[in-house]
$ cat upload30.cif   # mmCIF, C-alpha atoms
data_structure
#
loop_
_atom_site.label_atom_id
_atom_site.label_comp_id
_atom_site.auth_asym_id
_atom_site.auth_seq_id
_atom_site.Cartn_x
_atom_site.Cartn_y
_atom_site.Cartn_z
CA MET M 180 10.21 -27.78 14.52
CA ASN M 181 8.66 -25.73 17.32
CA GLN M 182 12.00 -24.01 17.86
CA GLU M 183 12.16 -23.20 14.15
CA LYS M 184 8.70 -21.65 14.30
CA LYS M 185 9.70 -19.60 17.33
CA GLU M 186 12.79 -18.31 15.54
CA PHE M 187 10.73 -17.44 12.48
CA ALA M 188 8.15 -15.58 14.57
CA ARG M 189 10.86 -13.73 16.51
CA SER M 190 12.61 -12.62 13.31
CA LEU M 191 9.33 -11.56 11.72
CA VAL M 192 8.21 -9.48 14.71
CA SER M 193 11.64 -7.89 15.33
CA ILE M 194 11.75 -6.57 11.76
CA ALA M 195 8.07 -5.85 11.15
CA LEU M 196 7.13 -4.17 14.44
CA PRO M 197 9.38 -1.05 14.32
CA ILE M 198 8.50 -0.42 10.66
CA SER M 199 4.79 -0.82 11.27
CA MET M 200 4.95 1.41 14.34
CA GLN M 201 6.62 4.20 12.36
CA SER M 202 3.99 3.93 9.64
CA LEU M 203 1.18 3.83 12.21
CA ILE M 204 2.50 7.00 13.84
CA GLN M 205 2.25 8.86 10.55
CA SER M 206 -1.24 7.45 9.98
CA VAL M 207 -2.35 8.51 13.45
CA LEU M 208 -1.06 12.02 12.70
CA GLY M 209 -3.26 12.10 9.60
CA MET M 210 -6.26 10.71 11.48
CA ILE M 211 -5.97 13.31 14.25
CA ASP M 212 -5.89 16.06 11.63
CA GLN M 213 -8.87 14.55 9.86
CA ILE M 214 -11.07 14.11 12.93
CA MET M 215 -10.42 17.62 14.20
CA ILE M 216 -10.97 19.18 10.79
CA GLY M 217 -14.07 17.00 10.45
CA GLN M 218 -15.71 19.15 13.09
CA LEU M 219 -15.65 22.04 10.59
CA GLY M 220 -17.83 20.34 7.96
CA SER M 221 -17.60 18.57 4.59
CA VAL M 222 -16.12 21.51 2.67
CA SER M 223 -13.19 21.86 5.08
CA VAL M 224 -12.60 18.09 5.02
CA ALA M 225 -12.45 18.11 1.21
CA ALA M 226 -10.26 21.23 1.09
CA VAL M 227 -7.65 19.86 3.49
CA SER M 228 -7.61 16.51 1.73
CA LEU M 229 -6.90 18.15 -1.63
CA GLY M 230 -4.42 20.55 -0.05
CA GLY M 231 -2.43 17.58 1.20
CA ARG M 232 -2.30 15.74 -2.13
CA PRO M 233 0.89 17.40 -3.51
CA CYS M 234 2.76 16.57 -0.30
CA PHE M 235 1.42 13.01 -0.46
CA ILE M 236 2.82 12.53 -3.98
CA MET M 237 6.13 14.15 -3.06
CA LEU M 238 6.48 11.96 0.03
CA TYR M 239 6.24 8.80 -2.06
CA GLY M 240 8.99 10.06 -4.34
CA LEU M 241 11.17 10.78 -1.31
CA GLY M 242 10.38 7.28 -0.05
CA GLY M 243 11.95 5.79 -3.16
CA ILE M 244 15.14 7.77 -2.52
CA ALA M 245 15.12 6.70 1.14
CA ALA M 246 14.85 3.05 0.09
CA ALA M 247 17.94 3.36 -2.11
CA ALA M 248 19.83 5.23 0.62
CA SER M 249 19.01 2.46 3.09
CA ILE M 250 20.43 -0.19 0.77
CA PHE M 251 23.75 1.65 0.30
CA ALA M 252 24.04 2.63 3.96
CA SER M 253 23.34 -0.89 5.23
CA GLN M 254 26.01 -2.33 2.94
CA TYR M 255 28.59 0.26 4.02
CA GLU M 256 27.64 -0.39 7.64
CA GLY M 257 28.24 -4.11 7.16
CA ALA M 258 31.59 -3.43 5.47
CA LYS M 259 32.51 -1.02 8.30
CA GLU M 260 33.14 1.76 5.78
CA PHE M 261 31.40 4.28 8.02
CA GLU M 262 32.88 7.33 6.31
CA ARG M 263 30.85 6.43 3.19
CA HIS M 264 27.57 7.28 4.96
CA ALA M 265 28.21 10.98 4.38
CA HIS M 266 28.33 10.38 0.62
CA VAL M 267 25.05 8.45 0.78
CA MET M 268 23.38 11.28 2.68
CA ARG M 269 24.76 13.88 0.29
CA ALA M 270 23.46 12.02 -2.77
CA ALA M 271 20.10 11.38 -1.09
CA LEU M 272 19.63 15.04 -0.16
CA ALA M 273 20.65 16.25 -3.63
CA LEU M 274 18.15 13.99 -5.37
CA SER M 275 15.50 14.79 -2.75
CA LEU M 276 15.95 18.50 -3.42
CA ALA M 277 15.39 17.90 -7.12
CA ILE M 278 11.99 16.42 -6.26
CA THR M 279 11.01 18.70 -3.37
CA VAL M 280 11.75 22.12 -4.90
CA PRO M 281 9.31 21.78 -7.85
CA PHE M 282 6.54 20.64 -5.48
CA LEU M 283 7.38 23.52 -3.14
CA MET M 284 7.29 26.12 -5.92
CA LEU M 285 4.02 24.85 -7.38
CA SER M 286 2.33 24.61 -3.98
CA ALA M 287 3.48 28.04 -2.81
CA LEU M 288 3.00 29.99 -6.05
CA PHE M 289 0.20 28.21 -7.91
CA PRO M 290 -2.01 26.52 -5.27
CA GLY M 291 -5.24 27.36 -7.07
CA LEU M 292 -4.01 25.80 -10.30
CA LEU M 293 -3.09 22.56 -8.52
CA LEU M 294 -6.41 22.34 -6.70
CA SER M 295 -8.42 23.02 -9.86
CA VAL M 296 -7.18 19.68 -11.19
CA PHE M 297 -9.10 17.94 -8.41
CA THR M 298 -12.30 19.99 -8.02
CA ARG M 299 -14.46 22.72 -9.51
CA ASP M 300 -15.93 23.80 -6.16
CA ALA M 301 -14.85 27.44 -5.65
CA GLU M 302 -15.27 27.28 -1.88
CA VAL M 303 -13.14 24.17 -1.58
CA ILE M 304 -10.42 25.76 -3.76
CA SER M 305 -10.50 28.97 -1.70
CA ILE M 306 -9.98 27.15 1.60
CA GLY M 307 -7.58 24.62 0.11
CA LYS M 308 -5.33 27.30 -1.43
CA SER M 309 -4.52 28.82 1.93
CA TYR M 310 -3.98 25.41 3.53
CA LEU M 311 -1.68 24.27 0.70
CA GLN M 312 0.46 27.42 0.78
CA ILE M 313 1.00 27.19 4.54
CA ASN M 314 1.57 23.43 4.42
CA SER M 315 4.26 23.84 1.74
CA ALA M 316 6.51 25.51 4.33
CA GLY M 317 6.99 22.06 5.84
CA TYR M 318 8.21 20.36 2.66
CA LEU M 319 11.93 21.00 3.20
CA PRO M 320 11.93 19.85 6.87
CA LEU M 321 10.00 16.76 5.78
CA MET M 322 12.60 16.07 3.10
CA VAL M 323 15.44 16.19 5.65
CA THR M 324 13.48 14.02 8.09
CA VAL M 325 12.95 11.27 5.50
CA SER M 326 16.66 11.11 4.63
CA CYS M 327 17.83 11.26 8.25
CA SER M 328 15.40 8.53 9.30
CA ALA M 329 16.54 6.25 6.47
CA LEU M 330 20.22 6.60 7.37
CA LEU M 331 19.56 6.15 11.08
CA ARG M 332 17.56 2.95 10.57
CA ALA M 333 20.14 1.52 8.18
CA THR M 334 22.92 2.13 10.71
CA GLY M 335 21.14 0.50 13.65
CA HIS M 336 19.47 3.54 15.27
CA THR M 337 15.90 2.31 14.75
CA LYS M 338 14.44 3.76 17.95
CA ILE M 339 15.32 7.41 17.28
CA PRO M 340 13.01 7.91 14.25
CA LEU M 341 10.28 6.14 16.22
CA VAL M 342 10.67 8.47 19.21
CA THR M 343 10.77 11.61 17.08
CA GLY M 344 7.68 10.38 15.28
CA PHE M 345 5.84 10.15 18.59
CA ILE M 346 7.00 13.66 19.49
CA SER M 347 5.77 14.95 16.13
CA VAL M 348 2.33 13.43 16.68
CA ALA M 349 2.13 14.91 20.17
CA VAL M 350 3.13 18.40 18.99
CA ASN M 351 0.71 18.25 16.08
CA THR M 352 -2.18 17.07 18.26
CA VAL M 353 -1.75 19.80 20.87
CA LEU M 354 -1.28 22.56 18.29
CA ASN M 355 -4.26 21.32 16.29
CA ALA M 356 -6.50 21.75 19.31
CA LEU M 357 -5.09 25.21 20.05
CA LEU M 358 -5.01 26.62 16.52
CA ILE M 359 -8.05 25.04 14.89
CA PHE M 360 -10.51 25.76 17.69
CA GLY M 361 -8.78 28.69 19.43
CA LEU M 362 -8.31 27.09 22.85
CA CYS M 363 -6.33 28.66 25.72
CA GLY M 364 -6.46 32.16 24.20
CA PHE M 365 -5.08 31.18 20.79
CA PRO M 366 -6.89 32.46 17.68
CA ALA M 367 -9.35 30.04 16.04
CA LEU M 368 -7.76 29.63 12.60
CA GLY M 369 -9.65 26.60 11.33
CA THR M 370 -7.94 24.80 8.44
CA ASP M 371 -5.09 27.33 8.41
CA GLY M 372 -4.41 26.40 12.03
CA ALA M 373 -4.22 22.73 11.05
CA ALA M 374 -1.66 23.57 8.37
CA MET M 375 0.44 25.60 10.82
CA ALA M 376 0.35 22.77 13.37
CA THR M 377 1.57 20.30 10.75
CA VAL M 378 4.43 22.56 9.66
CA ILE M 379 5.61 23.13 13.25
CA ALA M 380 5.42 19.40 14.00
CA ARG M 381 7.50 18.58 10.91
CA LEU M 382 10.06 21.25 11.74
CA SER M 383 10.37 19.93 15.32
CA GLU M 384 10.97 16.38 14.08
CA CYS M 385 13.55 17.54 11.55
CA VAL M 386 15.51 19.62 14.10
CA ILE M 387 15.57 16.82 16.70
CA LEU M 388 16.90 14.28 14.19
CA ALA M 389 19.51 16.64 12.75
CA VAL M 390 20.74 17.71 16.20
CA PHE M 391 20.87 14.11 17.43
CA MET M 392 23.02 13.04 14.48
CA GLN M 393 25.33 16.00 14.97
CA LYS M 394 25.69 15.51 18.73
CA LYS M 395 26.41 11.80 18.29
CA ASN M 396 28.92 12.53 15.52
CA HIS M 397 26.98 10.29 13.18
CA PRO M 398 28.95 9.94 9.91
CA ALA M 399 25.80 10.84 7.93
CA SER M 400 25.06 14.09 9.79
CA ILE M 401 24.03 17.09 7.71
CA ARG M 402 27.37 18.80 8.36
CA SER M 403 29.31 15.70 7.22
CA ALA M 404 27.17 15.37 4.09
CA VAL M 405 27.65 19.01 3.11
CA SER M 406 31.39 19.04 3.78
CA CYS M 407 32.31 15.73 2.13
CA ARG M 408 33.81 15.71 -1.36
CA ASN M 409 31.37 15.16 -4.22
CA GLU M 410 32.12 11.88 -5.98
CA ILE M 411 30.52 11.82 -9.42
CA PRO M 412 30.93 8.03 -10.01
CA PHE M 413 29.19 7.25 -6.71
CA SER M 414 26.45 9.79 -7.40
CA LYS M 415 25.74 8.17 -10.75
CA LEU M 416 25.63 4.73 -9.11
CA PHE M 417 23.25 6.00 -6.45
CA TYR M 418 20.95 7.70 -8.95
CA LEU M 419 20.81 4.59 -11.14
CA ALA M 420 19.64 2.62 -8.10
CA ALA M 421 17.25 5.26 -6.78
CA LEU M 422 15.49 6.50 -9.92
CA PRO M 423 13.61 3.24 -10.72
CA ALA M 424 12.35 3.12 -7.12
CA VAL M 425 11.32 6.78 -7.31
CA ALA M 426 9.52 6.16 -10.61
CA ASN M 427 7.67 3.18 -9.11
CA GLU M 428 6.50 5.18 -6.08
CA LEU M 429 5.53 8.24 -8.13
CA VAL M 430 3.54 6.18 -10.62
CA TRP M 431 1.48 4.74 -7.79
CA ALA M 432 1.09 8.09 -5.97
CA LEU M 433 0.06 9.90 -9.16
CA GLY M 434 -2.46 7.17 -9.84
CA ASP M 435 -3.90 7.61 -6.36
CA ALA M 436 -4.06 11.36 -6.98
CA GLY M 437 -5.91 10.54 -10.21
CA TYR M 438 -8.51 8.67 -8.18
CA THR M 439 -8.86 11.69 -5.89
CA ALA M 440 -9.36 13.97 -8.89
CA LEU M 441 -12.05 11.59 -10.10
CA TYR M 442 -13.90 11.78 -6.78
CA GLY M 443 -13.46 15.56 -6.72
CA GLN M 444 -15.10 15.97 -10.12
CA MET M 445 -18.07 13.93 -8.84
CA GLY M 446 -18.79 16.60 -6.23
CA THR M 447 -17.63 17.91 -2.86
CA GLU M 448 -19.98 15.61 -0.92
CA GLN M 449 -18.60 12.48 -2.60
CA LEU M 450 -15.02 13.68 -2.21
CA ALA M 451 -15.55 14.46 1.48
CA ALA M 452 -17.05 11.00 2.04
CA MET M 453 -14.07 9.33 0.40
CA THR M 454 -11.70 11.57 2.36
CA LEU M 455 -13.21 10.36 5.64
CA THR M 456 -11.93 6.88 4.85
CA PHE M 457 -8.33 7.88 4.03
CA PRO M 458 -6.99 7.86 7.62
CA VAL M 459 -8.45 4.41 8.28
CA GLN M 460 -7.09 3.13 4.97
CA GLY M 461 -3.66 4.53 5.85
CA LEU M 462 -3.81 3.06 9.33
CA SER M 463 -4.84 -0.38 8.06
CA VAL M 464 -2.30 -0.59 5.24
CA GLY M 465 0.37 0.97 7.49
CA PHE M 466 -0.17 -1.82 9.99
CA PHE M 467 0.84 -4.33 7.33
CA SER M 468 3.76 -2.32 5.93
CA GLY M 469 6.09 -3.98 8.44
CA LEU M 470 4.96 -7.43 7.30
CA SER M 471 5.69 -6.48 3.70
CA ALA M 472 9.16 -5.16 4.58
CA ALA M 473 9.93 -8.20 6.74
CA THR M 474 8.86 -10.47 3.87
CA GLY M 475 11.42 -8.86 1.57
CA ILE M 476 14.23 -8.96 4.13
CA LEU M 477 13.69 -12.54 5.33
CA LEU M 478 13.17 -13.91 1.81
CA GLY M 479 16.22 -11.95 0.65
CA ASN M 480 18.31 -13.59 3.37
CA THR M 481 16.97 -17.02 2.40
CA LEU M 482 17.64 -16.50 -1.31
CA GLY M 483 21.10 -15.13 -0.53
CA ALA M 484 21.85 -18.36 1.33
CA GLY M 485 20.85 -20.34 -1.77
CA LYS M 486 17.82 -21.95 -0.08
CA PHE M 487 15.40 -21.64 -2.98
CA SER M 488 12.94 -24.33 -1.89
CA GLU M 489 12.72 -22.75 1.55
CA ALA M 490 12.16 -19.30 0.02
CA TYR M 491 9.35 -20.63 -2.16
CA ARG M 492 7.67 -22.25 0.87
CA LEU M 493 8.06 -19.09 2.95
CA SER M 494 6.53 -16.92 0.21
CA TYR M 495 3.21 -18.71 0.55
CA LYS M 496 3.50 -18.67 4.32
CA PHE M 497 3.74 -14.86 4.28
CA ILE M 498 0.70 -14.66 1.99
CA SER M 499 -1.27 -16.92 4.35
CA ILE M 500 -0.31 -14.83 7.37
CA SER M 501 -1.38 -11.62 5.64
CA ILE M 502 -4.78 -13.07 4.67
CA ALA M 503 -5.47 -14.34 8.20
CA LEU M 504 -4.60 -11.01 9.81
CA CYS M 505 -6.58 -9.07 7.20
CA LEU M 506 -9.75 -11.05 7.83
CA VAL M 507 -9.59 -10.14 11.52
CA MET M 508 -8.99 -6.46 10.79
CA ALA M 509 -11.69 -6.37 8.10
CA ALA M 510 -14.26 -7.68 10.60
CA MET M 511 -13.25 -4.94 13.04
CA LEU M 512 -13.49 -2.24 10.35
CA TRP M 513 -16.94 -3.42 9.30
CA ALA M 514 -18.23 -3.31 12.87
CA LEU M 515 -16.58 0.00 13.83
CA ALA M 516 -17.38 1.92 10.62
CA PRO M 517 -20.52 3.64 12.03
CA ILE M 518 -18.70 4.67 15.22
CA TYR M 519 -15.74 6.11 13.31
CA ILE M 520 -17.88 8.06 10.84
CA GLY M 521 -19.92 9.34 13.77
CA LEU M 522 -16.87 11.27 14.99
CA TYR M 523 -17.32 13.76 12.14
CA LYS M 524 -19.81 16.60 11.97
CA VAL M 525 -20.71 16.19 8.31
CA GLU M 526 -23.96 16.06 6.36
CA GLU M 527 -26.05 12.90 6.73
CA ARG M 528 -25.53 11.72 3.14
CA THR M 529 -21.77 12.30 3.40
CA GLY M 530 -21.70 10.17 6.53
CA THR M 531 -23.75 7.42 4.84
CA TYR M 532 -21.38 7.36 1.88
CA GLY M 533 -18.38 7.30 4.21
CA ARG M 534 -19.72 4.32 6.17
CA GLN M 535 -20.44 2.36 2.98
CA LEU M 536 -17.04 3.18 1.47
CA LEU M 537 -15.26 2.03 4.62
CA ARG M 538 -17.05 -1.31 4.47
CA ILE M 539 -16.17 -1.74 0.79
CA PHE M 540 -12.54 -1.07 1.73
CA ALA M 541 -12.81 -3.75 4.44
CA CYS M 542 -13.91 -6.27 1.80
CA TYR M 543 -10.93 -5.44 -0.45
CA LEU M 544 -8.36 -5.20 2.36
CA TRP M 545 -7.02 -8.75 2.09
CA ILE M 546 -6.47 -8.31 -1.65
CA LYS M 547 -4.69 -4.95 -1.19
CA VAL M 548 -2.36 -6.35 1.49
CA CYS M 549 -1.60 -9.51 -0.49
CA ASN M 550 -0.59 -7.30 -3.43
CA MET M 551 1.66 -5.29 -1.12
CA VAL M 552 3.31 -8.42 0.32
CA ILE M 553 3.77 -9.95 -3.15
CA GLY M 554 4.97 -6.80 -4.92
CA SER M 555 7.03 -5.03 -2.27
CA GLY M 556 8.07 -8.18 -0.40
CA ILE M 557 8.27 -11.41 -2.40
CA LEU M 558 9.08 -10.19 -5.91
CA ARG M 559 11.48 -7.44 -4.80
CA SER M 560 13.39 -9.91 -2.61
CA GLY M 561 14.67 -11.45 -5.83
CA GLY M 562 15.30 -8.14 -7.53
CA LYS M 563 12.19 -8.16 -9.73
CA THR M 564 11.49 -4.43 -9.49
CA LYS M 565 10.53 -4.04 -13.17
CA TYR M 566 7.65 -6.49 -12.83
CA THR M 567 6.29 -4.69 -9.77
CA LEU M 568 6.41 -1.44 -11.77
CA PHE M 569 4.51 -3.20 -14.56
CA LEU M 570 1.84 -4.35 -12.08
CA ASP M 571 1.44 -0.84 -10.67
CA VAL M 572 1.17 0.82 -14.08
CA LEU M 573 -1.22 -1.81 -15.45
CA GLY M 574 -3.40 -1.87 -12.33
CA THR M 575 -3.71 1.86 -11.74
CA TRP M 576 -3.50 3.38 -15.21
CA GLY M 577 -4.56 0.45 -17.37
CA ILE M 578 -7.53 -0.77 -15.30
CA GLY M 579 -8.37 1.41 -12.27
CA ILE M 580 -8.52 4.86 -13.88
CA PRO M 581 -10.45 3.68 -16.99
CA LEU M 582 -12.98 1.80 -14.82
CA GLY M 583 -13.33 4.85 -12.58
CA LEU M 584 -14.00 7.10 -15.56
CA LEU M 585 -16.50 4.60 -16.92
CA GLY M 586 -18.40 4.53 -13.66
CA ALA M 587 -18.25 8.26 -12.90
CA ALA M 588 -18.35 9.99 -16.27
CA VAL M 589 -20.25 7.50 -18.46
CA LEU M 590 -22.55 5.54 -16.15
CA ARG M 591 -22.91 8.40 -13.61
CA LEU M 592 -22.75 6.02 -10.66
CA GLU M 593 -22.59 7.06 -7.00
CA VAL M 594 -19.18 7.22 -5.37
CA THR M 595 -19.65 3.88 -3.57
CA TYR M 596 -20.18 2.02 -6.85
CA VAL M 597 -17.32 3.86 -8.54
CA TYR M 598 -14.94 2.94 -5.72
CA ALA M 599 -16.02 -0.72 -5.81
CA LEU M 600 -15.61 -0.77 -9.59
CA LEU M 601 -12.15 0.78 -9.82
CA SER M 602 -10.90 -1.38 -6.93
CA LEU M 603 -11.31 -4.43 -9.18
CA GLU M 604 -7.83 -3.59 -10.47
CA GLU M 605 -6.49 -4.96 -7.17
CA ALA M 606 -8.00 -8.37 -7.99
CA VAL M 607 -6.34 -8.40 -11.43
CA ARG M 608 -2.98 -7.51 -9.91
CA LEU M 609 -3.37 -10.26 -7.33
CA VAL M 610 -3.97 -12.93 -10.00
CA LEU M 611 -0.93 -11.77 -12.01
CA GLY M 612 1.20 -11.49 -8.88
CA LEU M 613 0.32 -15.00 -7.70
CA CYS M 614 1.12 -16.38 -11.15
CA ARG M 615 4.53 -14.74 -10.95
CA VAL M 616 5.17 -16.17 -7.48
CA LYS M 617 4.17 -19.64 -8.66
CA SER M 618 6.47 -19.40 -11.69
CA LYS M 619 9.51 -19.03 -9.39
CA LYS M 620 11.02 -16.54 -11.86
CA TRP M 621 11.51 -14.10 -8.99
CA MET M 622 13.96 -16.34 -7.14
CA HIS M 623 17.47 -15.02 -7.76
CA ASN M 624 20.57 -14.97 -5.60
CA LEU M 625 21.65 -11.37 -6.11
CA ALA M 626 24.64 -11.67 -3.79
CA LYS M 627 26.08 -14.49 -5.88
CA THR M 628 25.25 -12.67 -9.10
CA GLY M 629 27.05 -9.57 -7.85
#
$ encode --input "upload30.cif" --output "structure tokens"
Amino acid sequence: MNQEKKEFARSLVSIALPISMQSLIQSVLGMIDQIMIGQLGSVSVAAVSLGGRPCFIMLYGLGGIAAAASIFASQYEGAKEFERHAHVMRAALALSLAITVPFLMLSALFPGLLLSVFTRDAEVISIGKSYLQINSAGYLPLMVTVSCSALLRATGHTKIPLVTGFISVAVNTVLNALLIFGLCGFPALGTDGAAMATVIARLSECVILAVFMQKKNHPASIRSAVSCRNEIPFSKLFYLAALPAVANELVWALGDAGYTALYGQMGTEQLAAMTLTFPVQGLSVGFFSGLSAATGILLGNTLGAGKFSEAYRLSYKFISISIALCLVMAAMLWALAPIYIGLYKVEERTGTYGRQLLRIFACYLWIKVCNMVIGSGILRSGGKTKYTLFLDVLGTWGIGIPLGLLGAAVLRLEVTYVYALLSLEEAVRLVLGLCRVKSKKWMHNLAKTG
């Protein structure tokens, strides 16, 4: 039994750790940006947060495409049909372009219009417009990076995206210091400098990945993808698999953007306070992203082997692990909230709001992570993607947004109460998700079905 536990732990860590590390790197990048920009005041914090929203939504859409590409690439890798990787990359890039180009055009040509959805503060819009336009120059490199990383991980090159992620963080950190504050003779560009640093970091990561794949003659290199013959039947198959995942991710991301718009309409101070918590939220949830992914993979393997009783037992084991880890992290967040908020040079009331919001997030963390493990891990392991989409739509648009509007527009509550109120949707999703797990309707052997 001890040996079985050791094998389980080894499998869990080997899958979860690289994924969590990649997510943590991206979260650290956002936190570094936030802390440095936080030295410029609440208005700059709010402007940069809003300026990054379009990219945030776009990135989730690209993530859905990357998930589909990983599935196809891993199957072709297992079948040793390596030449098929070029077709996967081609289809992934084509669909990614269809998502990226509209975001790029809107961000570059109509930044003020986009930002006006989130806030009425003229100063925030003025600063955010410039940041958004500059930042949009990094959309295409980011698109290529997401596709390359997905294909590399699916074909066994898990360390390369991790290394390039570290390089990207390092480049962004150094350039932030130079361009935001004007160190070492560079001009002090403030928020524009932060946008330039992010674009250069993304471009560096993209070039390194593309060159690596070309030098190693990877079958999914950009050159191979461009030169391979377009196969319409495969493209249709790929799009049918990718579009539901894209829709799921976009629904959630748009809902999150809706929350941001809600905070923005409450005032710049409230929005800035909420923005201060975003890096910590991303860091915390990113830490558990590997656990969620490992849950799906290990349960998928168990279901594929026809071990339904074992899969059911493991599902609750993963939930228990997530709760235990969340309680430890929540205690740390509660204690460290004043220290973290103290890193920013913002108004006293903004800092007070930020500290309170971070502690509210700590209280909800275990529920958020359980929902992630259940939705993205347990239910998806049996192919129940439609139910996870239902949970996301119901939670965000059916409960969260209406409660947020009730608190902000009708009851005129402070941002802390509004956040606590709209976060109740997580509790509803958890109850429904647990009921679905208990019903065992998610347990299907897809390999046998196929």
$ resolve_selection --input "upload30.cif" --expression "the PyMOL selection byres ((chain M and resi 467) around 9)" --output "tab-separated table (two decimals) with C-alpha atoms, keeping the file's coordinate frame"
chain	number	residue	atom	x	y	z
M	195	ALA	CA	8.07	-5.85	11.15
M	199	SER	CA	4.79	-0.82	11.27
M	462	LEU	CA	-3.81	3.06	9.33
M	463	SER	CA	-4.84	-0.38	8.06
M	464	VAL	CA	-2.30	-0.59	5.24
M	465	GLY	CA	0.37	0.97	7.49
M	466	PHE	CA	-0.17	-1.82	9.99
M	468	SER	CA	3.76	-2.32	5.93
M	469	GLY	CA	6.09	-3.98	8.44
M	470	LEU	CA	4.96	-7.43	7.30
M	471	SER	CA	5.69	-6.48	3.70
M	472	ALA	CA	9.16	-5.16	4.58
M	501	SER	CA	-1.38	-11.62	5.64
M	504	LEU	CA	-4.60	-11.01	9.81
M	505	CYS	CA	-6.58	-9.07	7.20
M	548	VAL	CA	-2.36	-6.35	1.49
M	551	MET	CA	1.66	-5.29	-1.12
M	552	VAL	CA	3.31	-8.42	0.32
$ residues_around --input "upload30.cif" --residues "region 589-599 of chain M" --least-positions-apart "6" --cutoff "6 Å" --atoms "only C-alpha atoms" --output "VMD selection string"
chain M and resid 449 536 583
$ write_last_selection --input "upload30.cif" --atoms "C-alpha atoms" --output "PDB file, in the frame of the given file"
ATOM      1  CA  GLN M 449     -18.600  12.480  -2.600  1.00  0.00           C
ATOM      2  CA  LEU M 536     -17.040   3.180   1.470  1.00  0.00           C
ATOM      3  CA  GLY M 583     -13.330   4.850 -12.580  1.00  0.00           C
TER       4      GLY M 583
END
$ resolve_selection --input "upload30.cif" --expression "the PyMOL selection byres ((chain M and resi 383) around 12)" --output "list of chain:residue names"
M:Gly317, M:Pro320, M:Leu321, M:Val323, M:Thr324, M:Thr343, M:Gly344, M:Phe345, M:Ile346, M:Ser347, M:Val348, M:Ala349, M:Val350, M:Asn351, M:Ala376, M:Thr377, M:Val378, M:Ile379, M:Ala380, M:Arg381, M:Leu382, M:Glu384, M:Cys385, M:Val386, M:Ile387, M:Leu388, M:Ala389, M:Val390
$ atom_distance --input "upload30.cif" --atom1 "CA of Leu357 (chain M)" --atom2 "CA of Thr370 (chain M)"
12.0 Å
$ closest_atom_pairs --input "upload30.cif" --of "region 333-428 of chain M" --to "region 246-267 of chain M" --cutoff "6 Å" --atoms "only C-alpha atoms" --output "Markdown table"
| residue | atom | partner | partner_atom | distance |
| --- | --- | --- | --- | --- |
| M:Ala333 | CA | M:Ser253 | CA | 5.0 |
| M:Pro398 | CA | M:Ala265 | CA | 5.7 |
| M:Ala399 | CA | M:Ala265 | CA | 4.3 |
| M:Ser403 | CA | M:Ala265 | CA | 5.6 |
| M:Ala404 | CA | M:Ala265 | CA | 4.5 |
| M:Ala421 | CA | M:Ala247 | CA | 5.1 |
$ axis_aligned_box --input "upload30.cif" --around "region 550-567 of chain M" --padding-each-side "6 Å" --output "JSON"
{"center_x": 7.4, "center_y": -7.7, "center_z": -6.4, "size_x": 27.9, "size_y": 19.4, "size_z": 25.5}
$ resolve_selection --input "upload30.cif" --expression "the PyMOL selection byres ((chain M and resi 291) around 10)" --output "ChimeraX atom specification"
/M:230,285-290,292-296,301,304-309,311-312
$ atom_distance --input "upload30.cif" --atom1 "CA of Ala587 (chain M)" --atom2 "CA of Arg299 (chain M)"
15.3 Å
$ atom_distance --input "upload30.cif" --atom1 "CA of Ala440 (chain M)" --atom2 "CA of Leu238 (chain M)"
18.3 Å
$ closest_residue --input "upload30.cif" --among "M:Leu570, M:Ile557, M:Leu477, M:Leu274" --to "Val192 (chain M)" --atoms "only C-alpha atoms"
M:Leu477
$ closest_residue --input "upload30.cif" --among "M:Pro197, M:Gly554, M:Gly475, M:Pro517" --to "His336 (chain M)" --atoms "only C-alpha atoms"
M:Pro197
$ residues_around --input "upload30.cif" --residues "Thr447 (chain M)" --least-positions-apart "6" --cutoff "7 Å" --atoms "only C-alpha atoms" --output "ChimeraX atom specification"
/M:222,225,300
$ closest_residue --input "upload30.cif" --among "M:Ala588, M:Ala273, M:Trp513, M:Ala490" --to "Gln444 (chain M)" --atoms "all atoms listed in the file"
M:Ala588
